[in-house]
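Below is one structure; the comments refer to it alone.
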Amino acid sequence: MVLPKVDKIWMDGALVDWDAAQVHVLTHALHYGSGVFEGIRCYETADGPAVFRLTEHMERFDRSARMLLMEVGYSVSEMVEAVKETIRSNKLDSCYIRPLAFRGYGVMGLDPLPAPVNVVIAVWPWGTYLGEDALAKGVEVGVSSWRQRGVNASPPAIKATANYLNSSLARIEANKHGYEEAILLNEDGKVCEGTGENIFIVKNGVIYTPPVSDGILEGITRDSLMAIARDKGIEVVERSMVRTELYTADEMFMCGTAAEVVPVRSVDGRVIGQAGPITMDLQETFFRVVGGKVPAYASWLEHV
Ligand code: PPE
């Protein structure tokens, strides 16, 4: 997406003008991918803008940083407040939110620990992620020739900037082959995730999704949809799955903060079909939840 420009960016504790949020070319993270980030969405509700599961996102940010021994310097609750302040200062009703902590300027070499850490929060309007028709009509995806790394190499559970090299390789390939998104298998050949989404299939009324131990990012949208589905009385099973199970699924969908809930129409040209009833029911409930229309899930919304 071409980045739209808003007014202010939060940088190391203060709001600065969008154009002033700059770093030196010798910033450690530019050379070694030494950063952690989050992707969060703020939605318009009847009670004003509300951020979906903001605290959980900032807790994951904190866990990512701690796994890399990175001192963010702000607590989870300070980051939560800073996100709200950034949205307010830009006067946005809905937006995408990108907190990022990275190793800064002053040190080179592969030991990152001596480098200073910078923290920023940017917000901008971000509409649909996988194209205009994706939410209603679904997308066509292909299994990538690139593999998701094993859990002992650049662990997928850490939302690190460096990890997205692999996602980008897979996305480039998928797009060049005419698919809207890629599915990554892990080194054991198990189905893992999309380049920026978790995966679900539906078979005989049961929902299946790969477990964290197969090397996925533990998505907050994934967690939300599992809870919503179980509350509807639908069985949800976390278990390993293989490529051919995707081909023979009754329904398939992907989910993530940016992508939201997207039906999958085909995998490697094997037609699954139009968006299925369970997929669309979950998608419809998801959008009502994030829009503040379902009281049972009100605690997931943090008002700005
Ligand atoms: N897997 C990966 C690899 C991933 O990047 C995401 C989010 C997910 C699963 C879903 O996680 P969650 O957002 O908590 O439900 N991808 C973010 C980055 C997208 C981007 O292009 O940048 C996002 O959706 O914000």
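Residues are referred to by chain and number: the chain letter is A, B, ... according to the order shown in the structure tokens, the number counts from 1 in that chain, and ligands are numbered separately from 1 in the order shown.
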Where in region 109-196 of chain A does DSSP assign alpha helix (DSSP H), given as a PyMOL selection string? chain A and resi 134-137+164-176
Considering only C-alpha atoms and all ligand atoms, give me a table of residues in chain A that are at most 8 Å from ligand 1, with the closest atom pair and distance in Å for each, as a Markdown table.
| residue | atom | partner | partner_atom_place_in_ligand_line | distance |
| --- | --- | --- | --- | --- |
| A:Glu38 | CA | ligand 1 | 25 (O) | 6.5 |
| A:Gly39 | CA | ligand 1 | 25 (O) | 3.5 |
| A:Ile40 | CA | ligand 1 | 25 (O) | 5.9 |
| A:Arg41 | CA | ligand 1 | 25 (O) | 7.9 |
| A:His57 | CA | ligand 1 | 14 (O) | 7.2 |
| A:Tyr96 | CA | ligand 1 | 25 (O) | 7.9 |
| A:Arg98 | CA | ligand 1 | 25 (O) | 7.9 |
| A:Tyr129 | CA | ligand 1 | 21 (O) | 7.8 |
| A:Pro156 | CA | ligand 1 | 3 (C) | 7.1 |
| A:Lys159 | CA | ligand 1 | 5 (O) | 7.2 |
| A:Tyr164 | CA | ligand 1 | 3 (C) | 7.5 |
| A:Ser167 | CA | ligand 1 | 3 (C) | 7.0 |
| A:Glu193 | CA | ligand 1 | 1 (N) | 6.0 |
| A:Gly194 | CA | ligand 1 | 1 (N) | 6.3 |
| A:Thr195 | CA | ligand 1 | 3 (C) | 5.1 |
| A:Gly196 | CA | ligand 1 | 4 (C) | 3.5 |
| A:Glu197 | CA | ligand 1 | 9 (C) | 3.8 |
| A:Asn198 | CA | ligand 1 | 9 (C) | 4.5 |
| A:Ile216 | CA | ligand 1 | 1 (N) | 6.2 |
| A:Leu217 | CA | ligand 1 | 1 (N) | 4.7 |
| A:Glu218 | CA | ligand 1 | 11 (O) | 6.4 |
| A:Gly219 | CA | ligand 1 | 11 (O) | 3.4 |
| A:Ile220 | CA | ligand 1 | 14 (O) | 3.7 |
| A:Thr221 | CA | ligand 1 | 15 (O) | 3.6 |
| A:Arg222 | CA | ligand 1 | 15 (O) | 5.5 |
| A:Asp223 | CA | ligand 1 | 15 (O) | 7.6 |
| A:Cys255 | CA | ligand 1 | 15 (O) | 6.2 |
| A:Gly256 | CA | ligand 1 | 15 (O) | 3.6 |
| A:Thr257 | CA | ligand 1 | 13 (O) | 3.7 |
| A:Ala258 | CA | ligand 1 | 24 (O) | 3.7 |
| A:Ala259 | CA | ligand 1 | 24 (O) | 5.8 |
| A:Glu260 | CA | ligand 1 | 24 (O) | 7.6 |
For the residues in the current selection, export N, CA and C atoms as a CSV table (one decimal), in the first residue's frame.
chain,number,residue,atom,x,y,z
A,38,GLU,N,4.3,-4.3,16.1
A,38,GLU,CA,2.9,-4.8,16.2
A,38,GLU,C,2.1,-4.2,15.1
A,39,GLY,N,0.9,-4.8,14.8
A,39,GLY,CA,-0.1,-4.3,13.9
A,39,GLY,C,-1.4,-4.3,14.7
A,40,ILE,N,-2.0,-3.2,14.8
A,40,ILE,CA,-3.3,-3.1,15.6
A,40,ILE,C,-4.3,-2.3,14.8
A,41,ARG,N,-5.5,-2.5,15.1
A,41,ARG,CA,-6.5,-1.7,14.4
A,41,ARG,C,-7.4,-1.0,15.4
A,57,HIS,N,-2.1,-6.7,22.4
A,57,HIS,CA,-1.1,-6.5,21.4
A,57,HIS,C,0.2,-5.9,22.0
A,96,TYR,N,-5.0,2.0,11.3
A,96,TYR,CA,-4.1,1.0,11.6
A,96,TYR,C,-3.0,1.6,12.5
A,98,ARG,N,0.9,1.1,14.2
A,98,ARG,CA,2.2,0.4,14.0
A,98,ARG,C,3.2,0.8,15.1
A,129,TYR,N,-6.9,-5.1,3.1
A,129,TYR,CA,-5.5,-5.4,3.0
A,129,TYR,C,-5.2,-6.3,1.8
A,156,PRO,N,9.3,-17.7,14.4
A,156,PRO,CA,8.1,-17.1,14.0
A,156,PRO,C,7.2,-16.5,15.1
A,159,LYS,N,7.5,-11.4,16.9
A,159,LYS,CA,7.1,-10.5,15.8
A,159,LYS,C,8.2,-9.5,15.5
A,164,TYR,N,10.2,-10.8,8.5
A,164,TYR,CA,9.3,-10.5,7.3
A,164,TYR,C,10.1,-10.5,6.0
A,167,SER,N,8.4,-13.6,4.7
A,167,SER,CA,7.1,-13.3,4.3
A,167,SER,C,7.1,-12.6,2.9
A,193,GLU,N,1.1,-20.8,8.0
A,193,GLU,CA,0.4,-19.5,8.0
A,193,GLU,C,0.5,-18.8,6.7
A,194,GLY,N,-0.2,-17.7,6.5
A,194,GLY,CA,0.0,-16.8,5.4
A,194,GLY,C,1.2,-15.9,5.6
A,195,THR,N,1.5,-15.0,4.7
A,195,THR,CA,2.7,-14.1,4.9
A,195,THR,C,2.4,-13.1,6.1
A,196,GLY,N,1.1,-12.9,6.3
A,196,GLY,CA,0.7,-12.0,7.4
A,196,GLY,C,-0.6,-12.3,8.0
A,197,GLU,N,-1.0,-13.6,7.9
A,197,GLU,CA,-2.3,-14.1,8.4
A,197,GLU,C,-2.2,-15.5,9.0
A,198,ASN,N,-3.0,-15.8,9.9
A,198,ASN,CA,-3.2,-17.2,10.3
A,198,ASN,C,-4.2,-17.9,9.5
A,216,ILE,N,3.9,-20.8,14.1
A,216,ILE,CA,3.1,-19.7,13.6
A,216,ILE,C,3.3,-18.5,14.6
A,217,LEU,N,2.9,-17.3,14.1
A,217,LEU,CA,2.7,-16.2,15.0
A,217,LEU,C,1.4,-16.5,15.7
A,218,GLU,N,1.4,-16.3,17.0
A,218,GLU,CA,0.1,-16.6,17.8
A,218,GLU,C,-0.8,-15.4,17.6
A,219,GLY,N,-1.6,-15.4,16.6
A,219,GLY,CA,-2.4,-14.2,16.2
A,219,GLY,C,-3.5,-13.9,17.2
A,220,ILE,N,-3.7,-12.6,17.4
A,220,ILE,CA,-4.7,-12.1,18.2
A,220,ILE,C,-6.1,-12.2,17.5
A,221,THR,N,-6.1,-12.0,16.2
A,221,THR,CA,-7.4,-12.3,15.5
A,221,THR,C,-7.7,-13.8,15.5
A,222,ARG,N,-6.7,-14.6,15.4
A,222,ARG,CA,-6.9,-16.1,15.5
A,222,ARG,C,-7.5,-16.4,16.8
A,223,ASP,N,-7.0,-15.9,17.9
A,223,ASP,CA,-7.5,-16.1,19.2
A,223,ASP,C,-8.9,-15.6,19.4
A,255,CYS,N,-6.9,-15.0,8.6
A,255,CYS,CA,-7.2,-13.8,9.4
A,255,CYS,C,-5.9,-13.2,10.0
A,256,GLY,N,-6.1,-11.9,10.2
A,256,GLY,CA,-5.0,-11.1,10.8
A,256,GLY,C,-5.5,-9.7,11.0
A,257,THR,N,-4.7,-8.9,11.8
A,257,THR,CA,-5.2,-7.5,12.0
A,257,THR,C,-5.4,-6.8,10.8
A,258,ALA,N,-4.4,-6.8,9.9
A,258,ALA,CA,-4.5,-6.0,8.6
A,258,ALA,C,-5.6,-6.7,7.7
A,259,ALA,N,-5.5,-8.0,7.6
A,259,ALA,CA,-6.3,-8.7,6.6
A,259,ALA,C,-7.8,-8.8,7.1
A,260,GLU,N,-8.0,-8.8,8.4
A,260,GLU,CA,-9.3,-9.1,9.1
A,260,GLU,C,-9.7,-10.5,8.8
Rank A:Ile172, A:Ala227, A:Leu3, A:Val242 by their smallest atom-to-atom distance to Thr285 (chain A), using only C-alpha atoms, and report the top residue only. A:Ala227
Students should find that CA of Arg103 (chain A) and CA of Ala170 (chain A) are spaced 26.0 Å
Might you pull out every residue within 9 Å of Val23 (chain A), with only C-alpha atoms counted and same-chain residues fewer than 2 positions away left off, and present them as a ChimeraX atom specification? /A:21,25-27,104-105
Would you mind exporting the chosen residues as a PDB file, in the first residue's frame, restricted to C-alpha atoms?
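Printed below is out38.pdb as written:
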ATOM      1  CA  ALA A  21      10.246  11.182  12.376  1.00  0.00           C
ATOM      2  CA  VAL A  25      21.266   5.588   7.725  1.00  0.00           C
ATOM      3  CA  LEU A  26      23.570   3.689  10.099  1.00  0.00           C
ATOM      4  CA  THR A  27      20.681   2.725  12.365  1.00  0.00           C
ATOM      5  CA  GLY A 104      19.184   2.562  16.877  1.00  0.00           C
ATOM      6  CA  TYR A 105      22.303   4.469  15.868  1.00  0.00           C
TER       7      TYR A 105
END
For Phe253 (chain A), find every residue with an atom within 9 Å (counting only C-alpha atoms), except residues of its own chain fewer than 5 positions away, and show them as a ChimeraX atom specification. /A:138-139,198-202,261-265,275,279
Expected file: the selected residues, N, CA, C and O atoms, as a CSV table (one decimal), in the first residue's frame:
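Below is the file out31.csv, written as the result:
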chain,number,residue,atom,x,y,z
A,138,GLY,N,-13.5,-13.4,-1.3
A,138,GLY,CA,-12.4,-14.3,-1.0
A,138,GLY,C,-11.3,-14.2,-1.9
A,138,GLY,O,-11.3,-13.4,-2.9
A,139,VAL,N,-10.2,-14.9,-1.6
A,139,VAL,CA,-8.9,-14.7,-2.4
A,139,VAL,C,-8.5,-16.1,-2.9
A,139,VAL,O,-8.9,-17.2,-2.4
A,198,ASN,N,-3.0,-15.8,9.9
A,198,ASN,CA,-3.2,-17.2,10.3
A,198,ASN,C,-4.2,-17.9,9.5
A,198,ASN,O,-5.0,-17.2,8.8
A,199,ILE,N,-4.3,-19.2,9.5
A,199,ILE,CA,-5.1,-20.0,8.6
A,199,ILE,C,-6.1,-20.9,9.4
A,199,ILE,O,-5.7,-21.4,10.4
A,200,PHE,N,-7.3,-21.0,8.8
A,200,PHE,CA,-8.3,-21.9,9.4
A,200,PHE,C,-8.9,-22.7,8.2
A,200,PHE,O,-9.1,-22.1,7.1
A,201,ILE,N,-9.3,-23.9,8.5
A,201,ILE,CA,-10.2,-24.6,7.5
A,201,ILE,C,-11.4,-25.1,8.3
A,201,ILE,O,-11.4,-25.3,9.5
A,202,VAL,N,-12.5,-25.4,7.5
A,202,VAL,CA,-13.7,-26.0,8.1
A,202,VAL,C,-13.9,-27.3,7.4
A,202,VAL,O,-13.8,-27.4,6.2
A,261,VAL,N,-10.9,-10.8,8.3
A,261,VAL,CA,-11.3,-12.2,8.1
A,261,VAL,C,-11.6,-12.4,6.6
A,261,VAL,O,-12.6,-11.9,6.1
A,262,VAL,N,-10.8,-13.2,5.9
A,262,VAL,CA,-10.8,-13.3,4.5
A,262,VAL,C,-11.1,-14.7,4.0
A,262,VAL,O,-10.3,-15.6,4.3
A,263,PRO,N,-12.2,-15.0,3.3
A,263,PRO,CA,-12.4,-16.3,2.8
A,263,PRO,C,-11.4,-16.7,1.7
A,263,PRO,O,-10.8,-15.8,1.0
A,264,VAL,N,-11.1,-17.9,1.6
A,264,VAL,CA,-10.1,-18.4,0.6
A,264,VAL,C,-11.0,-19.2,-0.4
A,264,VAL,O,-11.6,-20.2,0.0
A,265,ARG,N,-10.9,-18.8,-1.7
A,265,ARG,CA,-11.7,-19.5,-2.7
A,265,ARG,C,-11.0,-20.7,-3.3
A,265,ARG,O,-11.6,-21.7,-3.7
A,275,ALA,N,-17.2,-18.0,-0.5
A,275,ALA,CA,-17.1,-17.9,0.9
A,275,ALA,C,-18.2,-18.7,1.6
A,275,ALA,O,-19.4,-18.6,1.2
A,279,THR,N,-17.5,-19.4,7.7
A,279,THR,CA,-16.6,-18.2,7.4
A,279,THR,C,-17.3,-16.9,7.5
A,279,THR,O,-16.9,-16.0,8.2
Please extract the residues of region 49-166 of chain A with a backbone DSSP assignment of strand (DSSP E or B) and present them as number ranges by chain. A: 50-52, 95-103, 117-124, 139-148, 160
Selected residue, from A:Asn204, A:Gln283, A:Gln22, A:Ser34, that lies nearest to Thr248 (chain A) when counting only C-alpha atoms: A:Asn204
Excluding same-chain residues fewer than 4 positions from Met67 (chain A), what lies within 9 Å of it counting only C-alpha atoms, as a list of chain:residue names?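 Once the nearby chain positions are removed, what remains is A:Asp62, A:Arg63, A:Ile158.
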Point-to-point distance in Å for CA of Ala153 (chain A) and CA of Glu140 (chain A):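 Between CA of Glu140 (chain A) and CA of Ala153 (chain A) the gap is 29.1 Å.
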Leaving out Phe52 (chain A) and any residue of its chain fewer than 5 positions from it, which residues lie within 9 Å of it when counting only C-alpha atoms, given as a ChimeraX atom specification? /A:40-43,57,290,300-303
Taking C-alpha atoms for each residue, export the selection above as a short mmCIF file (atom, residue, chain, number, x, y, z; two decimals), in the first residue's frame.
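The result, written out as result.cif:
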data_model
loop_
_atom_site.label_atom_id
_atom_site.label_comp_id
_atom_site.auth_asym_id
_atom_site.auth_seq_id
_atom_site.Cartn_x
_atom_site.Cartn_y
_atom_site.Cartn_z
CA ILE A 40 -3.26 -3.12 15.61
CA ARG A 41 -6.53 -1.67 14.39
CA CYS A 42 -8.69 1.09 15.78
CA TYR A 43 -12.34 0.95 14.71
CA HIS A 57 -1.12 -6.45 21.38
CA VAL A 290 -14.84 -4.65 16.52
CA TRP A 300 -11.92 -6.36 23.87
CA LEU A 301 -12.38 -2.70 22.92
CA GLU A 302 -10.21 -0.01 24.47
CA HIS A 303 -11.66 3.42 23.87
#
Might you pull out every residue within 9 Å of region 13-16 of chain A, with only C-alpha atoms counted and same-chain residues fewer than 2 positions away left off, and present them as a ChimeraX atom specification? /A:7-11,18-21,74,82,85-86,89,119-120
